[in-house]
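query_28.txt, holding compact mmCIF, C-alpha atoms:
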```
# COMPACT_ATOMS: atom_id res chain seq x y z
CA MET A 1 -13.17 8.05 -5.53
CA LEU A 2 -16.14 5.98 -4.55
CA GLY A 3 -19.36 7.66 -5.70
CA LEU A 4 -22.54 8.41 -3.79
CA SER A 5 -24.84 6.67 -6.24
CA SER A 6 -22.94 3.37 -6.26
CA LEU A 7 -22.83 3.17 -2.49
CA CYS A 8 -26.50 4.02 -2.19
CA SER A 9 -27.54 1.27 -4.56
CA LEU A 10 -25.33 -1.31 -2.87
CA PHE A 11 -25.85 -0.50 0.77
CA LEU A 12 -29.18 1.30 1.08
CA CYS A 13 -27.63 4.65 1.91
CA VAL A 14 -26.83 3.62 5.48
CA PHE A 15 -24.68 6.63 6.08
CA LEU A 16 -25.02 8.82 3.00
CA SER A 17 -26.53 12.26 2.57
CA CYS A 18 -27.14 14.45 -0.48
CA THR A 19 -24.75 17.24 -1.32
CA SER A 20 -25.10 20.37 -3.38
CA GLN A 21 -23.35 20.72 -6.71
CA SER A 22 -21.27 23.64 -5.46
CA ALA A 23 -20.11 21.64 -2.45
CA VAL A 24 -19.09 18.74 -4.66
CA VAL A 25 -17.11 21.10 -6.89
CA ASP A 26 -15.39 22.57 -3.81
CA GLN A 27 -14.45 19.10 -2.61
CA ALA A 28 -13.06 18.21 -6.02
CA VAL A 29 -10.90 21.32 -6.03
CA LYS A 30 -9.49 20.42 -2.61
CA LEU A 31 -8.76 16.87 -3.78
CA SER A 32 -6.98 18.19 -6.86
CA ASN A 33 -4.93 20.58 -4.74
CA CYS A 34 -3.61 17.89 -2.38
CA SER A 35 -2.96 15.47 -5.21
CA THR A 36 -1.16 18.11 -7.24
CA THR A 37 0.83 19.40 -4.29
CA THR A 38 2.03 16.00 -3.10
CA GLY A 39 1.91 13.86 -6.25
CA MET A 40 -0.41 11.37 -4.55
CA ASN A 41 -2.78 9.29 -6.67
CA TRP A 42 -4.13 5.74 -6.90
CA THR A 43 -2.67 4.84 -10.27
CA SER A 44 0.83 4.27 -8.86
CA TYR A 45 2.44 2.96 -5.68
CA HIS A 46 4.03 5.80 -3.73
CA SER A 47 6.87 6.32 -1.29
CA TYR A 48 6.27 6.81 2.39
CA THR A 49 7.30 10.44 1.98
CA THR A 50 4.53 11.03 -0.56
CA ILE A 51 1.93 9.33 1.65
CA TYR A 52 3.18 11.36 4.63
CA ARG A 53 2.92 14.63 2.69
CA TYR A 54 -0.56 13.74 1.46
CA MET A 55 -1.76 13.07 5.01
CA LYS A 56 -0.33 16.42 6.11
CA CYS A 57 -2.06 18.16 3.20
CA LEU A 58 -5.43 16.64 4.13
CA ALA A 59 -5.02 17.75 7.74
CA TYR A 60 -4.06 21.29 6.62
CA THR A 61 -6.89 21.53 4.08
CA TYR A 62 -9.69 19.91 6.11
CA THR A 63 -8.94 21.35 9.53
CA GLU A 64 -12.51 20.78 10.78
CA LEU A 65 -12.40 17.11 9.87
CA VAL A 66 -8.85 15.73 9.99
CA THR A 67 -6.27 15.77 12.75
CA LEU A 68 -2.83 14.30 12.18
CA VAL A 69 -1.27 12.55 15.17
CA LYS A 70 2.38 11.54 15.40
CA ILE A 71 2.37 8.52 17.71
CA GLY A 72 6.13 7.84 17.65
CA ASN A 73 9.06 7.12 15.39
CA SER A 74 10.14 4.00 13.55
CA TYR A 75 13.44 2.24 14.30
CA GLU A 76 15.12 4.32 11.59
CA GLY A 77 13.48 7.53 12.78
CA ARG A 78 10.57 7.95 10.39
CA PRO A 79 7.43 9.53 11.91
CA LEU A 80 4.57 7.14 12.62
CA LEU A 81 1.41 8.98 11.59
CA VAL A 82 -2.27 8.39 12.27
CA ALA A 83 -5.08 10.46 10.76
CA ARG A 84 -8.11 11.08 12.94
CA VAL A 85 -11.24 11.66 10.86
CA GLY A 86 -14.46 12.74 12.52
CA LEU A 87 -17.01 15.50 12.97
CA GLY A 88 -16.79 17.01 16.43
CA GLU A 89 -14.69 16.19 19.47
CA SER A 90 -17.30 14.52 21.69
CA ASN A 91 -17.71 11.23 19.83
CA THR A 92 -15.63 8.44 21.33
CA THR A 93 -16.84 5.38 19.41
CA THR A 94 -13.75 4.43 17.43
CA VAL A 95 -12.98 2.60 14.19
CA TRP A 96 -9.31 1.75 13.54
CA LEU A 97 -7.84 0.93 10.12
CA ASP A 98 -4.16 0.19 9.50
CA GLY A 99 -2.02 -0.88 6.58
CA GLY A 100 1.60 -1.41 5.69
CA VAL A 101 2.37 -3.79 8.56
CA HIS A 102 4.23 -6.11 6.18
CA ALA A 103 6.59 -4.21 3.90
CA ARG A 104 6.08 -6.10 0.64
CA GLU A 105 2.27 -5.81 0.70
CA TRP A 106 2.14 -2.55 -1.21
CA ILE A 107 -1.59 -2.72 -1.93
CA SER A 108 -2.23 -2.44 1.82
CA PRO A 109 -1.01 1.16 2.38
CA ALA A 110 -2.41 2.12 -1.02
CA ALA A 111 -5.88 0.85 -0.07
CA ALA A 112 -5.72 2.33 3.44
CA SER A 113 -4.78 5.75 2.06
CA TYR A 114 -7.60 5.42 -0.48
CA VAL A 115 -10.13 4.86 2.32
CA LEU A 116 -8.72 7.87 4.18
CA ALA A 117 -9.06 10.05 1.09
CA GLU A 118 -12.57 8.78 0.38
CA LEU A 119 -13.83 9.57 3.88
CA VAL A 120 -12.26 13.01 3.81
CA ILE A 121 -12.80 14.19 0.25
CA ASN A 122 -16.39 12.92 0.15
CA SER A 123 -17.10 13.53 3.83
CA MET A 124 -20.51 15.03 3.11
CA ASP A 125 -21.55 11.59 1.86
CA TYR A 126 -20.63 10.15 5.25
CA THR A 127 -21.99 12.78 7.63
CA SER A 128 -23.81 10.28 9.84
CA LEU A 129 -20.87 7.88 9.95
CA LEU A 130 -18.38 10.60 10.88
CA THR A 131 -20.77 12.06 13.45
CA ASN A 132 -21.36 8.75 15.22
CA PHE A 133 -17.86 7.30 14.84
CA THR A 134 -14.32 8.60 14.84
CA VAL A 135 -12.13 6.82 12.30
CA TYR A 136 -8.38 6.47 12.81
CA VAL A 137 -6.32 5.51 9.76
CA MET A 138 -2.65 4.51 9.88
CA PRO A 139 -1.73 3.77 6.26
CA VAL A 140 1.85 2.63 6.92
CA MET A 141 2.72 1.02 10.26
CA ASN A 142 6.12 -0.26 9.09
CA PRO A 143 7.63 2.61 7.05
CA ASP A 144 11.24 1.38 7.32
CA GLY A 145 10.43 -2.00 5.86
CA TYR A 146 8.17 -0.45 3.26
CA GLU A 147 10.92 1.83 1.99
CA TYR A 148 13.43 -1.03 2.04
CA SER A 149 11.06 -3.08 -0.13
CA ARG A 150 10.93 -0.17 -2.58
CA THR A 151 14.67 0.41 -2.83
CA THR A 152 16.44 -2.88 -2.07
CA ASP A 153 14.39 -6.07 -1.60
CA ARG A 154 10.92 -6.04 -3.17
CA PHE A 155 9.75 -8.99 -1.07
CA TRP A 156 11.03 -7.83 2.32
CA ARG A 157 8.36 -8.45 4.99
CA LYS A 158 9.71 -7.39 8.39
CA THR A 159 10.77 -4.21 10.17
CA ARG A 160 14.41 -3.06 9.92
CA SER A 161 15.48 -3.23 13.56
CA ARG A 162 18.61 -4.89 14.92
CA HIS A 163 18.66 -6.80 18.21
CA ASN A 164 21.69 -7.77 20.29
CA ASP A 165 24.63 -8.71 18.10
CA SER A 166 22.63 -10.63 15.51
CA LEU A 167 23.63 -10.03 11.94
CA CYS A 168 20.03 -10.61 10.96
CA VAL A 169 17.64 -7.71 10.61
CA GLY A 170 13.98 -7.17 11.37
CA VAL A 171 10.95 -8.55 13.18
CA ASP A 172 7.62 -9.66 11.79
CA ALA A 173 5.45 -6.77 12.95
CA ASN A 174 2.40 -9.03 12.86
CA ARG A 175 3.90 -11.60 15.25
CA ASN A 176 5.17 -9.03 17.76
CA TRP A 177 1.92 -8.18 19.57
CA GLY A 178 1.38 -9.35 23.12
CA TYR A 179 -1.64 -11.59 22.82
CA ARG A 180 -0.54 -15.25 22.63
CA TRP A 181 2.90 -14.03 21.62
CA GLY A 182 5.41 -16.81 20.98
CA GLY A 183 2.84 -19.39 19.94
CA GLU A 184 2.12 -21.09 16.65
CA GLY A 185 2.84 -19.06 13.54
CA GLY A 186 5.89 -17.17 14.77
CA SER A 187 9.59 -17.98 15.10
CA ALA A 188 12.15 -17.41 17.87
CA ASP A 189 14.98 -17.45 15.33
CA PRO A 190 16.17 -13.89 14.64
CA CYS A 191 17.41 -15.03 11.24
CA CYS A 192 14.00 -16.32 10.20
CA TYR A 193 13.44 -14.41 6.98
CA GLN A 194 9.68 -14.14 7.37
CA ARG A 195 8.25 -14.64 10.85
CA TYR A 196 10.71 -13.73 13.60
CA GLN A 197 8.50 -12.70 16.52
CA GLY A 198 11.08 -10.53 18.31
CA GLN A 199 12.84 -10.98 21.63
CA THR A 200 9.78 -9.82 23.55
CA PRO A 201 6.26 -8.66 22.76
CA PHE A 202 6.27 -5.10 21.43
CA SER A 203 10.04 -5.09 20.99
CA GLU A 204 9.52 -2.90 17.90
CA PRO A 205 8.98 0.84 18.27
CA GLU A 206 6.30 0.60 15.57
CA THR A 207 4.15 -1.98 17.38
CA GLN A 208 4.78 -0.36 20.76
CA ALA A 209 3.64 3.04 19.49
CA ALA A 210 0.54 1.61 17.84
CA LYS A 211 -0.33 -0.37 20.97
CA ASP A 212 0.03 2.63 23.27
CA PHE A 213 -2.05 4.84 21.01
CA ILE A 214 -4.84 2.31 20.53
CA LEU A 215 -5.03 1.76 24.30
CA SER A 216 -5.42 5.52 24.75
CA LEU A 217 -8.60 5.51 22.65
CA ASP A 218 -12.08 5.08 24.07
CA ASN A 219 -14.40 2.33 22.90
CA VAL A 220 -12.63 0.79 19.89
CA ILE A 221 -15.65 -0.87 18.31
CA LEU A 222 -13.95 -2.08 15.12
CA TYR A 223 -10.32 -2.91 14.38
CA LEU A 224 -9.35 -3.58 10.75
CA SER A 225 -5.88 -4.44 9.45
CA LEU A 226 -5.19 -4.63 5.71
CA HIS A 227 -2.77 -7.24 4.37
CA SER A 228 -2.12 -9.24 1.22
CA TYR A 229 -2.48 -11.60 -0.30
CA GLY A 230 -5.25 -14.16 -0.05
CA GLN A 231 -8.74 -12.69 -0.45
CA PHE A 232 -9.83 -13.61 3.06
CA ILE A 233 -11.79 -11.85 5.78
CA LEU A 234 -10.11 -13.22 8.90
CA TYR A 235 -11.33 -13.05 12.48
CA PRO A 236 -9.21 -13.91 15.54
CA TRP A 237 -10.43 -17.33 16.58
CA GLN A 238 -13.25 -19.76 16.13
CA GLN A 239 -16.16 -18.75 18.31
CA GLU A 240 -19.91 -18.43 18.32
CA ASP A 241 -20.43 -14.71 17.83
CA GLU A 242 -23.42 -14.00 15.63
CA GLU A 243 -22.69 -10.31 15.19
CA GLU A 244 -19.11 -11.00 14.20
CA GLN A 245 -20.26 -13.54 11.64
CA ILE A 246 -22.71 -11.03 10.22
CA LEU A 247 -19.95 -8.44 9.84
CA ALA A 248 -17.67 -10.97 8.17
CA THR A 249 -20.45 -11.84 5.75
CA VAL A 250 -21.21 -8.24 4.78
CA ALA A 251 -17.48 -7.62 4.30
CA VAL A 252 -17.23 -10.63 1.99
CA MET A 253 -20.18 -9.33 -0.01
CA ALA A 254 -18.71 -5.83 -0.25
CA MET A 255 -15.27 -7.04 -1.33
CA GLY A 256 -16.27 -8.97 -4.41
CA GLU A 257 -18.47 -11.35 -6.33
CA GLU A 258 -19.79 -14.51 -4.70
CA GLY A 259 -16.90 -16.84 -3.94
CA GLU A 260 -14.22 -14.19 -4.50
CA TYR A 261 -13.57 -13.71 -0.77
CA VAL A 262 -13.90 -16.19 2.09
CA ALA A 263 -14.42 -15.51 5.81
CA MET A 264 -12.52 -17.74 8.23
CA SER A 265 -10.75 -17.76 11.60
CA ALA A 266 -6.99 -17.29 11.93
CA GLU A 267 -5.99 -19.75 14.63
CA ASN A 268 -2.29 -20.06 13.76
CA ALA A 269 -1.16 -16.44 13.95
CA ALA A 270 0.01 -15.95 17.54
CA GLY A 271 1.20 -12.43 18.28
CA CYS A 272 -0.86 -10.82 15.52
CA SER A 273 -2.42 -7.39 15.91
CA MET A 274 -5.96 -8.59 15.27
CA GLY A 275 -5.84 -11.10 18.13
CA TRP A 276 -4.37 -8.48 20.45
CA ALA A 277 -7.03 -5.92 19.50
CA LYS A 278 -9.79 -8.39 20.35
CA GLY A 279 -8.16 -10.25 23.24
CA GLU A 280 -6.39 -7.47 25.13
CA ALA A 281 -7.39 -4.05 23.82
CA GLY A 282 -11.09 -4.81 24.11
CA ALA A 283 -12.14 -4.12 20.52
CA ARG A 284 -15.65 -5.49 20.06
CA PHE A 285 -14.86 -6.60 16.50
CA ALA A 286 -11.47 -7.27 14.91
CA PHE A 287 -10.66 -8.44 11.40
CA THR A 288 -7.74 -8.84 9.04
CA VAL A 289 -8.57 -8.27 5.38
CA GLU A 290 -6.26 -10.12 2.98
CA LEU A 291 -6.31 -8.24 -0.31
CA PRO A 292 -5.95 -9.88 -3.74
CA PRO A 293 -2.78 -11.11 -5.44
CA ARG A 294 -1.56 -10.52 -8.92
CA ARG A 295 -4.03 -12.35 -11.09
CA GLU A 296 -1.71 -14.53 -13.13
CA GLY A 297 1.85 -15.53 -13.90
CA PHE A 298 3.27 -16.24 -10.44
CA ALA A 299 2.78 -20.00 -10.08
CA ASP A 300 6.53 -20.64 -10.12
CA ASN A 301 7.28 -17.91 -7.58
CA PRO A 302 4.48 -17.27 -5.07
CA GLN A 303 6.19 -14.10 -3.84
CA GLU A 304 5.35 -12.46 -7.13
CA GLY A 305 1.72 -12.57 -6.05
CA PHE A 306 2.49 -9.48 -3.97
CA GLU A 307 3.10 -7.53 -7.17
CA LEU A 308 -0.49 -6.48 -7.78
CA PRO A 309 -0.47 -4.10 -10.76
CA ALA A 310 -0.93 -0.45 -9.88
CA SER A 311 -3.84 -0.36 -12.32
CA GLU A 312 -5.86 -2.34 -9.75
CA ILE A 313 -5.27 -0.03 -6.78
CA GLU A 314 -8.38 2.09 -7.25
CA GLY A 315 -10.68 -0.91 -7.72
CA VAL A 316 -9.36 -2.56 -4.57
CA GLY A 317 -9.59 0.73 -2.67
CA GLU A 318 -13.23 1.15 -3.69
CA LYS A 319 -14.06 -2.31 -2.37
CA VAL A 320 -12.28 -1.75 0.93
CA ALA A 321 -14.05 1.60 1.37
CA ALA A 322 -17.39 -0.07 0.66
CA ALA A 323 -16.61 -2.82 3.17
CA VAL A 324 -15.69 -0.31 5.88
CA VAL A 325 -18.84 1.74 5.31
CA THR A 326 -21.17 -1.26 5.32
CA MET A 327 -19.52 -2.86 8.37
CA VAL A 328 -19.79 0.37 10.33
CA GLY A 329 -23.38 0.79 9.18
CA ARG A 330 -24.21 -2.71 10.41
CA ILE A 331 -22.50 -1.99 13.73
CA ALA A 332 -24.75 1.05 14.13
CA GLY A 333 -27.67 -1.21 13.35
CA PHE A 334 -26.61 -3.51 16.18
CA GLY A 335 -27.17 -0.57 18.54
CA TYR A 336 -23.60 0.22 19.55
CA VAL A 337 -24.10 3.97 19.00
```
Any chance you could give the structure as structure tokens?
Amino acid sequence: MLGLSSLCSLFLCVFLSCTSQSAVVDQAVKLSNCSTTTGMNWTSYHSYTTIYRYMKCLAYTYTELVTLVKIGNSYEGRPLLVARVGLGESNTTTVWLDGGVHAREWISPAAASYVLAELVINSMDYTSLLTNFTVYVMPVMNPDGYEYSRTTDRFWRKTRSRHNDSLCVGVDANRNWGYRWGGEGGSADPCCYQRYQGQTPFSEPETQAAKDFILSLDNVILYLSLHSYGQFILYPWQQEDEEEQILATVAVMAMGEEGEYVAMSAENAAGCSMGWAKGEAGARFAFTVELPPRREGFADNPQEGFELPASEIEGVGEKVAAAVVTMVGRIAGFGYV
């Protein structure tokens, strides 16, 4: 997991505090226990069941820090789980992080679960962050599609719902949100393999559950959604917002070397969660982070870019964790807490 010394040197210890050797050993034992019990690690891509069991283990082991919330069920009946991470019940300034919206983007739930583990296992390094903010992590928003991509169609993108009598299956869960739904970037054709927007906004139980839960939260200051691939930090629309531009810049710097990531607006993605979070849910800042593709060998088949080797999971997870920590630190510097 991401170490204290590396974060301090990179980001001036915005939210880090020193820990005793005995406390570090205790944390390592807890990490080993949950990993051993559930089989979870960041050297392989795991099933939704493994991720689910790992989240439950964290909540059972770190009762003072983690609360597991079931916000609904998927179309096929899988539980939709969100982990609440924070110190104390009184703080209502919220950071939201989700992954696994598109089934084939396996690095997304892997990276989201990495960030969850980092904040929990090394929570003493983030005492100030977790005191001033409550972080909600939903590693897999589309578990049905994710499992289908693991067992049947590696490049499946959508949910697995059926609507009316159509023989075609699924909705693009990132074109199904209510803000500017039905506009450019989606499709009204239920047999569109990639971008069917659904019959109505929030037609999917997954997006409906996430929407209802996010709206129940107080003061969502930062909304982050992890996708792949592209190496972009995306914000909802072109606008003059100095603080948003600053956050995009620090995220770009945290995610890689100069030129590795690019910040830009996403104007042609009507019905996406990021736009809804900013435009309707009232999140002060909202971003989509497009994680890297496979490095080589997919020029003839762009879909193969989604097959990022498992050996790169931990490195990507470290960068996402660093980006989250530095963005939240900068938000605190803006005076929002």
- Pick out the residues sitting within 7 Å of Glu105 (chain A), and hand them over as a PyMOL selection string; count all atoms listed in the file, and ignore anything fewer than 2 positions along from it in its own chain. chain A and resi 100+102-103+107-108+227-228+306
Only C-alpha atoms, please: the residues just picked out, written as a short mmCIF file (atom, residue, chain, number, x, y, z; two decimals), in the frame of the given file.
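part.cif, written as the output of this step:
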```cif
data_model
loop_
_atom_site.label_atom_id
_atom_site.label_comp_id
_atom_site.auth_asym_id
_atom_site.auth_seq_id
_atom_site.Cartn_x
_atom_site.Cartn_y
_atom_site.Cartn_z
CA GLY A 100 1.60 -1.41 5.69
CA HIS A 102 4.23 -6.11 6.18
CA ALA A 103 6.59 -4.21 3.90
CA ILE A 107 -1.59 -2.72 -1.93
CA SER A 108 -2.23 -2.44 1.82
CA HIS A 227 -2.77 -7.24 4.37
CA SER A 228 -2.12 -9.24 1.22
CA PHE A 306 2.49 -9.48 -3.97
#
```
Please, which residues in region 169-226 of chain A fall within 12 Å of region 146-150 of chain A when counting only C-alpha atoms, and what is the closest atom pair and distance in Å to one decimal for each, ordered by chain then residue number, as a tab-separated table?
```
residue	atom	partner	partner_atom	distance
A:Val169	CA	A:Tyr148	CA	11.7
A:Gly170	CA	A:Tyr148	CA	11.2
A:Ala173	CA	A:Tyr146	CA	11.9
```
Would you mind exporting the chosen residues as a PDB file, in the frame of the given file, restricted to C-alpha atoms?
```pdb
ATOM      1  CA  VAL A 169      17.640  -7.710  10.610  1.00  0.00           C
ATOM      2  CA  GLY A 170      13.980  -7.170  11.370  1.00  0.00           C
ATOM      3  CA  ALA A 173       5.450  -6.770  12.950  1.00  0.00           C
TER       4      ALA A 173
END
```
Per residue of region 39-132 of chain A within 10 Å of region 199-217 of chain A, record the nearest atom pair and its distance in Å to one decimal, counting all atoms listed in the file, with rows in chain order and ascending residue number, as a tab-separated table.
```
residue	atom	partner	partner_atom	distance
A:Val69	CA	A:Phe213	CA	9.7
A:Lys70	CA	A:Ala209	CA	9.5
A:Ile71	CA	A:Ala209	CA	5.9
A:Gly72	CA	A:Ala209	CA	5.7
A:Asn73	CA	A:Pro205	CA	6.9
A:Ser74	CA	A:Glu206	CA	5.5
A:Tyr75	CA	A:Pro205	CA	6.1
A:Glu76	CA	A:Pro205	CA	9.7
A:Gly77	CA	A:Pro205	CA	9.8
A:Arg78	CA	A:Glu206	CA	10.0
A:Pro79	CA	A:Glu206	CA	9.7
A:Leu80	CA	A:Glu206	CA	7.4
A:Leu81	CA	A:Ala210	CA	9.7
A:Val82	CA	A:Ala210	CA	9.2
A:Thr92	CA	A:Leu217	CA	7.7
A:Thr93	CA	A:Leu217	CA	8.9
A:Thr94	CA	A:Leu217	CA	7.4
A:Val95	CA	A:Leu217	CA	10.0
A:Trp96	CA	A:Ile214	CA	8.3
A:Asp98	CA	A:Ala210	CA	9.7
A:Val101	CA	A:Glu206	CA	9.2
```
- Message: Let me make sure I understand: among A:Asn132, A:Ser44, A:Thr49, A:Thr326, which one has the smallest atom-to-atom distance to Ala254 (chain A) if we use all atoms listed in the file?
- Response: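 Distance minimum relative to Ala254 (chain A) lands on A:Thr326.
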- Task: Write out as a VMD selection string which residues come within 8 Å of region 257-271 of chain A when counting all atoms listed in the file, dropping same-chain ones fewer than 6 positions away.
- Result: chain A and resid 174 to 186 197 201 231 to 238 248 to 249
Take the residues from that selection and write them out as a CSV table (one decimal), in the frame of the given file, keeping C-alpha atoms.
```csv
chain,number,residue,atom,x,y,z
A,174,ASN,CA,2.4,-9.0,12.9
A,175,ARG,CA,3.9,-11.6,15.2
A,176,ASN,CA,5.2,-9.0,17.8
A,177,TRP,CA,1.9,-8.2,19.6
A,178,GLY,CA,1.4,-9.4,23.1
A,179,TYR,CA,-1.6,-11.6,22.8
A,180,ARG,CA,-0.5,-15.2,22.6
A,181,TRP,CA,2.9,-14.0,21.6
A,182,GLY,CA,5.4,-16.8,21.0
A,183,GLY,CA,2.8,-19.4,19.9
A,184,GLU,CA,2.1,-21.1,16.6
A,185,GLY,CA,2.8,-19.1,13.5
A,186,GLY,CA,5.9,-17.2,14.8
A,197,GLN,CA,8.5,-12.7,16.5
A,201,PRO,CA,6.3,-8.7,22.8
A,231,GLN,CA,-8.7,-12.7,-0.4
A,232,PHE,CA,-9.8,-13.6,3.1
A,233,ILE,CA,-11.8,-11.8,5.8
A,234,LEU,CA,-10.1,-13.2,8.9
A,235,TYR,CA,-11.3,-13.0,12.5
A,236,PRO,CA,-9.2,-13.9,15.5
A,237,TRP,CA,-10.4,-17.3,16.6
A,238,GLN,CA,-13.2,-19.8,16.1
A,248,ALA,CA,-17.7,-11.0,8.2
A,249,THR,CA,-20.4,-11.8,5.8
```
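The nearest approach to Arg195 (chain A) among the residues A:Cys57, A:Leu116, A:Leu308, A:Val171, with all atoms listed in the file taken into account, belongs to A:Val171.
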- Kindly indicate which residue among A:Ile246, A:Val137, A:Met255, A:Met274 lies nearest to Gly329 (chain A), using only C-alpha atoms for the distances.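 Under the stated criterion, the closest residue is A:Ile246.
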